[in-house]
>>> print(open('protein.txt').read())   # compact mmCIF, C-alpha atoms (C1' of nucleotides)
# COMPACT_ATOMS: atom_id res chain seq x y z
CA MET A 1190 -17.05 15.87 20.44
CA PHE A 1191 -18.27 18.81 22.39
CA THR A 1192 -18.19 20.62 25.66
CA THR A 1193 -21.02 21.47 27.98
CA GLY A 1194 -22.21 24.92 29.03
CA ASN A 1195 -24.20 26.91 26.51
CA LEU A 1196 -23.50 24.19 24.05
CA GLU A 1197 -25.75 21.80 25.83
CA ALA A 1198 -28.59 23.66 24.22
CA SER A 1199 -27.12 22.96 20.80
CA LEU A 1200 -26.95 19.23 21.27
CA PRO A 1201 -30.47 18.32 20.21
CA THR A 1202 -30.11 20.44 17.09
CA LEU A 1203 -26.74 18.92 16.35
CA ARG A 1204 -28.10 15.43 16.81
CA GLN A 1205 -30.87 16.26 14.42
CA ARG A 1206 -28.79 17.91 11.72
CA PHE A 1207 -25.96 15.40 11.82
CA SER A 1208 -28.00 12.35 12.63
CA ARG A 1209 -25.35 9.99 11.35
CA ALA A 1210 -22.46 11.58 13.22
CA SER A 1211 -20.97 10.44 16.49
CA ILE A 1212 -21.17 13.08 19.19
CA ILE A 1213 -18.96 12.78 22.23
CA VAL A 1214 -18.89 15.46 24.87
CA VAL A 1215 -15.55 16.16 26.50
CA SER A 1216 -16.08 18.35 29.52
CA MET A 1217 -14.22 19.74 32.48
CA ILE A 1218 -17.28 18.91 34.51
CA ASP A 1219 -16.88 15.63 36.34
CA ASP A 1220 -20.41 15.12 37.47
CA MET A 1221 -22.68 12.16 36.81
CA GLU A 1222 -25.82 14.22 36.77
CA THR A 1223 -24.43 16.53 34.11
CA ALA A 1224 -23.19 13.56 32.13
CA LYS A 1225 -26.57 11.88 32.10
CA ARG A 1226 -28.28 15.11 31.10
CA VAL A 1227 -25.87 15.54 28.22
CA MET A 1228 -26.40 11.98 27.10
CA SER A 1229 -30.12 12.55 27.17
CA ALA A 1230 -29.67 15.61 25.03
CA GLY A 1231 -28.33 13.47 22.21
CA ALA A 1232 -24.67 12.73 22.88
CA ASP A 1233 -23.18 9.31 22.21
CA GLY A 1234 -20.51 9.75 24.82
CA PHE A 1235 -19.42 11.83 27.77
CA ILE A 1236 -15.90 11.91 29.14
CA CYS A 1237 -14.13 14.11 31.63
CA LYS A 1238 -11.30 16.03 30.02
CA SER A 1239 -9.02 15.61 33.00
CA LEU A 1240 -8.59 12.00 32.01
CA PRO A 1241 -5.32 11.03 30.27
CA PRO A 1242 -5.21 11.42 26.48
CA HIS A 1243 -5.10 7.72 25.75
CA GLU A 1244 -8.35 7.20 27.60
CA ILE A 1245 -9.93 10.00 25.64
CA MET A 1246 -8.66 8.43 22.45
CA ALA A 1247 -10.11 5.09 23.45
CA ALA A 1248 -13.43 6.70 24.19
CA VAL A 1249 -13.48 8.43 20.83
CA ALA A 1250 -12.65 5.18 19.09
CA ALA A 1251 -15.31 3.32 21.03
CA VAL A 1252 -17.95 5.88 20.15
CA ARG A 1253 -16.95 5.80 16.54
CA ASP A 1254 -17.40 2.07 16.61
CA GLY A 1255 -20.92 2.47 17.85
CA ASP A 1256 -20.51 2.19 21.60
CA MET A 1257 -21.97 4.56 24.15
CA VAL A 1258 -19.35 5.87 26.55
CA LEU A 1259 -19.84 7.62 29.88
CA GLN A 1260 -16.58 8.04 31.72
CA LEU A 1261 -15.88 10.33 34.66
CA ALA A 1262 -12.50 10.98 36.26
CA ALA A 1263 -13.86 10.17 39.70
CA SER A 1264 -15.11 6.78 38.63
CA GLY A 1265 -12.58 6.31 35.87
CA LEU A 1266 -12.50 2.82 34.50
CA PRO A 1267 -9.67 2.19 32.05
CA ILE A 1268 -10.44 1.13 28.53
CA GLY A 1269 -7.37 0.38 26.51
CA GLU A 1270 -3.97 1.56 25.41
CA THR A 1271 -3.37 3.33 22.17
CA ASP A 1272 -0.58 1.60 20.35
CA ALA A 1273 1.87 3.48 18.21
CA PRO A 1274 0.94 2.92 14.55
CA LEU A 1275 4.52 2.33 13.57
CA ARG A 1276 4.98 -0.51 16.00
CA GLY A 1277 3.16 -2.97 13.80
CA LEU A 1278 5.22 -2.27 10.70
CA THR A 1279 8.13 -4.42 9.61
CA GLN A 1280 11.34 -2.85 8.33
CA ARG A 1281 10.48 -3.79 4.77
CA GLN A 1282 7.06 -2.23 5.10
CA ILE A 1283 8.67 0.95 6.36
CA ASP A 1284 11.02 0.93 3.38
CA VAL A 1285 8.06 0.72 1.06
CA LEU A 1286 6.11 3.33 2.98
CA ARG A 1287 8.96 5.81 2.79
CA LEU A 1288 9.04 5.57 -0.98
CA LEU A 1289 5.26 5.49 -1.24
CA ALA A 1290 5.13 8.75 0.71
CA ARG A 1291 7.23 10.39 -1.99
CA GLY A 1292 4.70 9.56 -4.62
CA LEU A 1293 6.39 6.58 -6.20
CA SER A 1294 4.23 3.96 -7.91
CA ASN A 1295 4.43 0.29 -7.03
CA LYS A 1296 6.51 -0.32 -10.12
CA GLU A 1297 8.95 2.43 -9.20
CA ILE A 1298 9.20 1.21 -5.63
CA GLY A 1299 9.88 -2.28 -6.92
CA LEU A 1300 12.68 -1.04 -9.14
CA ARG A 1301 14.16 0.95 -6.27
CA LEU A 1302 14.07 -1.92 -3.80
CA ASP A 1303 14.85 -4.50 -6.45
CA ILE A 1304 11.74 -6.55 -5.82
CA SER A 1305 8.71 -7.38 -7.93
CA PRO A 1306 5.86 -4.85 -8.13
CA PHE A 1307 3.62 -7.68 -6.97
CA THR A 1308 5.59 -7.95 -3.78
CA VAL A 1309 5.39 -4.21 -3.36
CA ARG A 1310 1.64 -4.50 -3.49
CA ILE A 1311 1.72 -7.01 -0.65
CA HIS A 1312 3.70 -4.59 1.48
CA VAL A 1313 1.51 -1.65 0.54
CA SER A 1314 -1.63 -3.54 1.48
CA ALA A 1315 -0.10 -4.42 4.84
CA VAL A 1316 0.89 -0.80 5.40
CA LEU A 1317 -2.57 0.50 4.57
CA LYS A 1318 -4.10 -1.99 6.95
CA ALA A 1319 -1.61 -1.19 9.70
CA LEU A 1320 -2.18 2.54 9.38
CA SER A 1321 -5.94 2.15 9.12
CA VAL A 1322 -6.22 3.94 5.80
CA THR A 1323 -7.51 2.84 2.43
CA THR A 1324 -5.49 4.99 0.06
CA ARG A 1325 -1.81 5.65 -0.40
CA ALA A 1326 -2.39 9.37 -0.09
CA GLY A 1327 -3.67 8.77 3.41
CA ALA A 1328 -0.71 6.52 4.11
CA ALA A 1329 1.62 9.21 2.83
CA ALA A 1330 0.05 11.75 5.16
CA LYS A 1331 0.50 9.48 8.15
CA ALA A 1332 4.02 8.64 7.11
CA ILE A 1333 4.91 12.32 7.02
CA ALA A 1334 3.29 12.80 10.40
CA LEU A 1335 5.44 9.98 11.70
CA GLY A 1336 8.57 11.56 10.30
CA LEU A 1337 9.20 8.99 7.62
CA ASP A 1338 9.77 11.52 4.90
CA GLN A 1339 13.48 11.64 5.62
CA SER A 1340 15.83 10.14 3.10
CA PRO A 1341 17.13 6.70 3.97
CA MET B 1209 -15.56 18.98 18.09
CA PHE B 1210 -13.35 19.38 21.06
CA THR B 1211 -12.24 21.55 23.90
CA THR B 1212 -8.80 22.80 24.80
CA GLY B 1213 -6.80 22.11 27.95
CA ASN B 1214 -5.24 18.70 28.32
CA LEU B 1215 -7.03 17.72 25.18
CA GLU B 1216 -4.74 19.82 23.09
CA ALA B 1217 -2.15 17.12 23.53
CA SER B 1218 -4.57 14.60 22.11
CA LEU B 1219 -5.24 16.49 18.91
CA PRO B 1220 -2.29 15.28 16.84
CA THR B 1221 -3.10 11.71 17.79
CA LEU B 1222 -6.75 12.26 17.02
CA ARG B 1223 -5.92 13.78 13.67
CA GLN B 1224 -3.77 10.81 12.92
CA ARG B 1225 -6.13 8.11 14.03
CA PHE B 1226 -9.19 9.68 12.49
CA SER B 1227 -7.56 11.25 9.51
CA ARG B 1228 -10.81 11.51 7.61
CA ALA B 1229 -12.77 13.06 10.42
CA SER B 1230 -13.51 16.71 10.84
CA ILE B 1231 -12.24 18.09 14.12
CA ILE B 1232 -13.63 21.34 15.44
CA VAL B 1233 -12.61 22.67 18.80
CA VAL B 1234 -15.28 24.48 20.78
CA SER B 1235 -13.63 26.24 23.66
CA MET B 1236 -14.41 28.74 26.39
CA ILE B 1237 -11.04 30.25 25.62
CA ASP B 1238 -11.36 33.26 23.35
CA ASP B 1239 -7.77 33.80 22.41
CA MET B 1240 -6.22 33.93 18.95
CA GLU B 1241 -2.93 32.46 20.07
CA THR B 1242 -4.65 29.47 21.59
CA ALA B 1243 -6.80 29.09 18.53
CA LYS B 1244 -3.84 29.05 16.18
CA ARG B 1245 -2.01 26.59 18.37
CA VAL B 1246 -5.01 24.30 18.34
CA MET B 1247 -5.33 24.59 14.59
CA SER B 1248 -1.67 23.68 14.25
CA ALA B 1249 -2.26 20.65 16.40
CA GLY B 1250 -4.59 19.27 13.77
CA ALA B 1251 -8.00 20.84 14.22
CA ASP B 1252 -10.11 21.89 11.26
CA GLY B 1253 -11.91 24.53 13.21
CA PHE B 1254 -11.84 26.57 16.39
CA ILE B 1255 -14.80 28.45 17.74
CA CYS B 1256 -15.52 30.17 21.01
CA LYS B 1257 -18.36 28.54 22.83
CA SER B 1258 -19.77 31.82 24.03
CA LEU B 1259 -20.96 32.42 20.50
CA PRO B 1260 -24.64 31.86 19.78
CA PRO B 1261 -25.71 28.31 18.88
CA HIS B 1262 -26.59 29.11 15.29
CA GLU B 1263 -23.06 30.33 14.65
CA ILE B 1264 -21.68 27.17 16.17
CA MET B 1265 -23.98 25.15 13.98
CA ALA B 1266 -22.82 27.07 10.94
CA ALA B 1267 -19.21 26.46 11.88
CA VAL B 1268 -19.83 22.74 12.27
CA ALA B 1269 -21.53 22.60 8.90
CA ALA B 1270 -18.74 24.58 7.27
CA VAL B 1271 -16.06 22.31 8.67
CA ARG B 1272 -17.98 19.27 7.59
CA ASP B 1273 -18.02 20.74 4.11
CA GLY B 1274 -14.26 21.00 4.07
CA ASP B 1275 -13.70 24.58 5.18
CA MET B 1276 -11.38 25.63 7.93
CA VAL B 1277 -13.02 27.84 10.53
CA LEU B 1278 -11.42 30.04 13.15
CA GLN B 1279 -13.97 32.15 14.95
CA LEU B 1280 -13.47 34.08 18.18
CA ALA B 1281 -16.12 35.99 20.09
CA ALA B 1282 -13.87 39.00 20.63
CA SER B 1283 -12.72 39.45 17.06
CA GLY B 1284 -16.05 38.50 15.56
CA LEU B 1285 -14.53 38.11 12.14
CA PRO B 1286 -16.47 35.28 10.59
CA ILE B 1287 -14.01 32.97 8.97
CA GLY B 1288 -10.26 32.77 8.71
CA GLU B 1289 -9.54 31.07 5.45
CA THR B 1290 -6.33 29.20 5.01
CA ASP B 1291 -4.11 31.87 3.62
CA ALA B 1292 -2.26 30.30 0.77
CA PRO B 1293 1.30 29.37 1.45
CA LEU B 1294 0.65 27.49 -1.77
CA ARG B 1295 1.05 30.04 -4.47
CA GLY B 1296 -0.40 29.21 -7.82
CA LEU B 1297 -3.27 27.23 -6.34
CA THR B 1298 -6.79 28.54 -6.31
CA GLN B 1299 -8.91 28.33 -3.18
CA ARG B 1300 -10.92 25.50 -4.66
CA GLN B 1301 -7.81 23.57 -5.51
CA ILE B 1302 -6.61 24.01 -1.94
CA ASP B 1303 -9.94 22.74 -0.68
CA VAL B 1304 -9.54 19.64 -2.78
CA LEU B 1305 -5.89 19.20 -1.86
CA ARG B 1306 -6.63 19.38 1.84
CA LEU B 1307 -9.12 16.53 1.56
CA LEU B 1308 -6.91 14.63 -0.83
CA ALA B 1309 -4.07 14.82 1.68
CA ARG B 1310 -6.22 12.97 4.15
CA GLY B 1311 -6.70 10.06 1.85
CA LEU B 1312 -10.14 10.80 0.49
CA SER B 1313 -10.99 9.51 -2.96
CA ASN B 1314 -12.30 11.73 -5.72
CA LYS B 1315 -15.78 10.47 -5.07
CA GLU B 1316 -15.52 11.22 -1.36
CA ILE B 1317 -14.11 14.67 -2.02
CA GLY B 1318 -16.94 15.32 -4.43
CA LEU B 1319 -19.52 14.34 -1.84
CA ARG B 1320 -17.79 16.46 0.77
CA LEU B 1321 -17.60 19.56 -1.43
CA ASP B 1322 -20.89 18.84 -3.14
CA ILE B 1323 -19.43 18.76 -6.62
CA SER B 1324 -19.11 16.05 -9.24
CA PRO B 1325 -16.21 13.58 -9.00
CA PHE B 1326 -15.37 14.64 -12.56
CA THR B 1327 -14.89 18.17 -11.37
CA VAL B 1328 -12.77 16.92 -8.52
CA ARG B 1329 -10.53 15.24 -11.06
CA ILE B 1330 -10.07 18.52 -12.85
CA HIS B 1331 -8.90 20.14 -9.64
CA VAL B 1332 -6.71 17.19 -8.71
CA SER B 1333 -5.01 17.26 -12.10
CA ALA B 1334 -4.37 20.98 -11.71
CA VAL B 1335 -2.97 20.41 -8.23
CA LEU B 1336 -0.66 17.64 -9.39
CA LYS B 1337 0.62 19.84 -12.18
CA ALA B 1338 1.09 22.82 -9.87
CA LEU B 1339 2.99 20.75 -7.32
CA SER B 1340 5.02 18.99 -10.01
CA VAL B 1341 4.01 15.53 -8.94
CA THR B 1342 2.26 12.71 -10.75
CA THR B 1343 0.48 10.93 -7.90
CA ARG B 1344 -1.81 12.01 -5.13
CA ALA B 1345 0.46 10.44 -2.56
CA GLY B 1346 3.18 12.80 -3.68
CA ALA B 1347 0.72 15.67 -3.61
CA ALA B 1348 -0.28 14.74 -0.07
CA ALA B 1349 3.36 14.72 0.99
CA LYS B 1350 4.03 18.12 -0.55
CA ALA B 1351 0.83 19.55 0.85
CA ILE B 1352 1.87 18.59 4.34
CA ALA B 1353 5.42 19.74 3.77
CA LEU B 1354 4.03 23.09 2.68
CA GLY B 1355 1.99 23.29 5.83
CA LEU B 1356 -1.39 22.92 4.26
CA ASP B 1357 -2.85 21.18 7.27
CA GLN B 1358 -1.36 23.68 9.64
CA SER B 1359 -1.85 27.32 10.36
CA PRO B 1360 0.94 29.87 9.90
C1' DA C 213 -17.54 43.49 -26.66
C1' DA C 214 -13.70 40.61 -26.14
C1' DA C 215 -10.36 38.22 -23.40
C1' DC C 216 -9.22 35.81 -19.51
C1' DA C 217 -9.36 32.96 -15.26
C1' DC C 218 -11.99 29.86 -12.69
C1' DC C 219 -15.55 26.38 -11.53
C1' DT C 220 -18.40 23.18 -13.28
C1' DA C 221 -19.61 18.47 -15.87
C1' DG C 222 -19.10 15.09 -18.98
C1' DT C 223 -16.78 11.12 -22.17
C1' DA C 224 -12.97 8.08 -23.40
C1' DC C 225 -8.98 5.43 -22.49
C1' DA C 226 -4.76 3.38 -20.63
C1' DA C 227 -2.64 2.65 -16.47
C1' DT C 228 -2.59 1.88 -11.80
C1' DC C 229 -4.49 0.57 -7.51
C1' DG C 230 -6.45 -2.32 -3.76
C1' DC C 231 -8.02 -6.69 -2.50
C1' DA C 232 -8.46 -11.71 -2.41
C1' DC C 233 -6.67 -15.54 -3.24
C1' DT C 234 -2.38 -19.32 -3.95
C1' DA C 235 2.38 -20.53 -3.43
C1' DT C 236 7.50 -20.97 -2.26
C1' DC C 237 11.45 -19.95 0.65
C1' DT C 238 13.77 -18.49 4.90
C1' DG C 239 14.59 -18.04 9.81
C1' DG C 240 13.23 -18.46 14.40
C1' DT C 241 10.52 -20.90 18.14
C1' DC C 242 8.16 -24.54 20.65
C1' DG D 1388 9.74 -32.15 13.24
C1' DA D 1389 5.94 -28.93 13.46
C1' DC D 1390 4.69 -24.28 13.61
C1' DC D 1391 4.65 -19.46 12.50
C1' DA D 1392 5.99 -14.84 10.90
C1' DG D 1393 7.97 -12.52 7.16
C1' DA D 1394 9.57 -11.71 2.31
C1' DT D 1395 8.99 -13.08 -2.14
C1' DA D 1396 6.09 -13.76 -6.68
C1' DG D 1397 2.17 -14.60 -9.16
C1' DT D 1398 -3.14 -14.40 -11.13
C1' DG D 1399 -7.66 -12.32 -11.36
C1' DC D 1400 -10.90 -8.67 -11.00
C1' DG D 1401 -13.39 -4.50 -10.01
C1' DA D 1402 -12.51 0.19 -8.77
C1' DT D 1403 -9.82 4.18 -9.07
C1' DT D 1404 -6.63 7.28 -11.01
C1' DG D 1405 -4.50 10.51 -14.33
C1' DT D 1406 -4.73 12.55 -18.77
C1' DA D 1407 -6.85 14.51 -22.82
C1' DC D 1408 -10.23 16.27 -24.85
C1' DT D 1409 -15.23 19.15 -25.30
C1' DA D 1410 -18.33 22.57 -23.23
C1' DG D 1411 -21.27 25.71 -20.54
C1' DG D 1412 -21.42 29.15 -16.76
C1' DT D 1413 -19.66 33.15 -13.88
C1' DG D 1414 -16.97 37.12 -12.85
C1' DT D 1415 -13.29 40.34 -13.80
C1' DT D 1416 -10.40 42.99 -16.73
C1' DT D 1417 -9.13 45.48 -20.82
>>> encode(input="protein.txt", output="structure tokens")
Amino acid sequence: MFTTGNLEASLPTLRQRFSRASIIVVSMIDDMETAKRVMSAGADGFICKSLPPHEIMAAVAAVRDGDMVLQLAASGLPIGETDAPLRGLTQRQIDVLRLLARGLSNKEIGLRLDISPFTVRIHVSAVLKALSVTTRAGAAAKAIALGLDQSP
Amino acid sequence: MFTTGNLEASLPTLRQRFSRASIIVVSMIDDMETAKRVMSAGADGFICKSLPPHEIMAAVAAVRDGDMVLQLAASGLPIGETDAPLRGLTQRQIDVLRLLARGLSNKEIGLRLDISPFTVRIHVSAVLKALSVTTRAGAAAKAIALGLDQSP
DNA sequence: AAACACCTAGTACAATCGCACTATCTGGTC
DNA sequence: GACCAGATAGTGCGATTGTACTAGGTGTTT
């Protein structure tokens, strides 16, 4: 992500040095001509920063997934809503996540919740998938960010 | 990379949804207070866009490598390292911990810091011992509780 | 020079993790 | 009844983790 101005000159170099990165320009400028020039300079996306956060998020996600995005406030077409990550979690999964975020192993969580460690693994896998992470450290970080570190 | 303004509100969500990404804010605003607020919101770096392109490039590269960068045009001081609220940890251990707390594996951390995964394990073990935990999920939780991913 | 702290890199090993399956039971819905 | 979501429990397997060693390099301190 980037902004225009002097930085426009840096775009080709950026594109070259970080050829595998996604570059999305978020600018206060809401002008199609500027947008196209920026895209030509090597950006994968251009979005006006006056747009609501969830649209910016959607644009970032889209670019990360390989899409090219060019979205101005004047011609703003909606993309999608960002859902709260906790919405998709069941109560049991939250129970597991809370203990996971304290550093407990599957076996320890199982003892605490009085279920088999195998079952804990099922819940942990679901939690990782729901939070879009692949490790429990990442899940713990998100759990803390969501305020799940409080004692039950 | 990002810009301030409305986007500041998007940063926590961005940090959450793209927990493994590096976020560097490039802003026309050249103010320490703003910079610190942005860093607290989840950015890995803040740099004034009036700075010359090569400095911006260097900042981007540094952030990609795991450093935290806070660089204003006015106070030209090059880099504001994360001053350790984590006593007993070396700078390298903090580097590792910060990446660990985002869910990166030892291999990924090694690639990011350009060191062997074996060396990463050494640092991780030291971190776990220093934080009195036995798992990286617990370390991630403590790291966040200690404000590792924030700025004082 | 010697001691110390730190970063680096490797091997070895047990334990755990994460994923992909199958399977049963319950409760709610169409 | 059929269907589905959720919780439970298990096996199998490759990858990862955490610990315990050895070992070389750098830089600082005494």
>>> residues_around(input="protein.txt", residues="DA1410 (chain D)", least_positions_apart="4", cutoff="12 Å", atoms="all atoms listed in the file", output="JSON, numbers by chain")
{"C": [220, 221, 222, 223]}
>>> atom_distance(input="protein.txt", atom1="C1' of DC216 (chain C)", atom2="CA of Leu1297 (chain B)")
16.8 Å
>>> atom_distance(input="protein.txt", atom1="C1' of DT236 (chain C)", atom2="C1' of DG1401 (chain D)")
27.7 Å
>>> closest_atom_pairs(input="protein.txt", of="chain B", to="chain D", cutoff="10 Å", atoms="only C-alpha atoms (C1' of nucleotides)", output="CSV")
residue,atom,partner,partner_atom,distance
B:Ser1313,CA,D:DT1403,C1',8.2
B:Asn1314,CA,D:DT1403,C1',8.6
B:Lys1315,CA,D:DT1403,C1',9.5
B:Arg1329,CA,D:DG1405,C1',8.3
B:Ile1330,CA,D:DG1405,C1',9.9
B:Val1332,CA,D:DG1405,C1',9.0
B:Ser1333,CA,D:DG1405,C1',7.1
B:Leu1336,CA,D:DG1405,C1',9.5
B:Thr1342,CA,D:DG1405,C1',8.0
B:Thr1343,CA,D:DG1405,C1',8.1
B:Arg1344,CA,D:DT1404,C1',9.0
>>> atom_distance(input="protein.txt", atom1="CA of Ala1319 (chain A)", atom2="CA of Ala1309 (chain B)")
18.1 Å
>>> interface_residues(input="protein.txt", of="chain C", to="chain A", cutoff="10 Å", atoms="all atoms listed in the file", output="list in words")
DT228, DC229, DG230 and DC231 of chain C
>>> closest_residue(input="protein.txt", among="A:Ala1247, A:Thr1308, A:Ile1298, A:Met1217", to="Leu1286 (chain A)", atoms="all atoms listed in the file")
A:Ile1298
>>> closest_residue(input="protein.txt", among="B:Ala1345, B:Gln1279, B:Asp1239, B:Arg1320", to="chain A", atoms="only C-alpha atoms")
B:Ala1345
>>> closest_residue(input="protein.txt", among="B:Gly1346, B:Arg1245, B:Ile1302, B:Ser1218", to="Leu1240 (chain A)", atoms="all atoms listed in the file")
B:Ser1218
>>> closest_residue(input="protein.txt", among="B:Val1328, B:Cys1256, B:Ala1267, B:Val1341", to="chain A", atoms="all atoms listed in the file")
B:Val1341
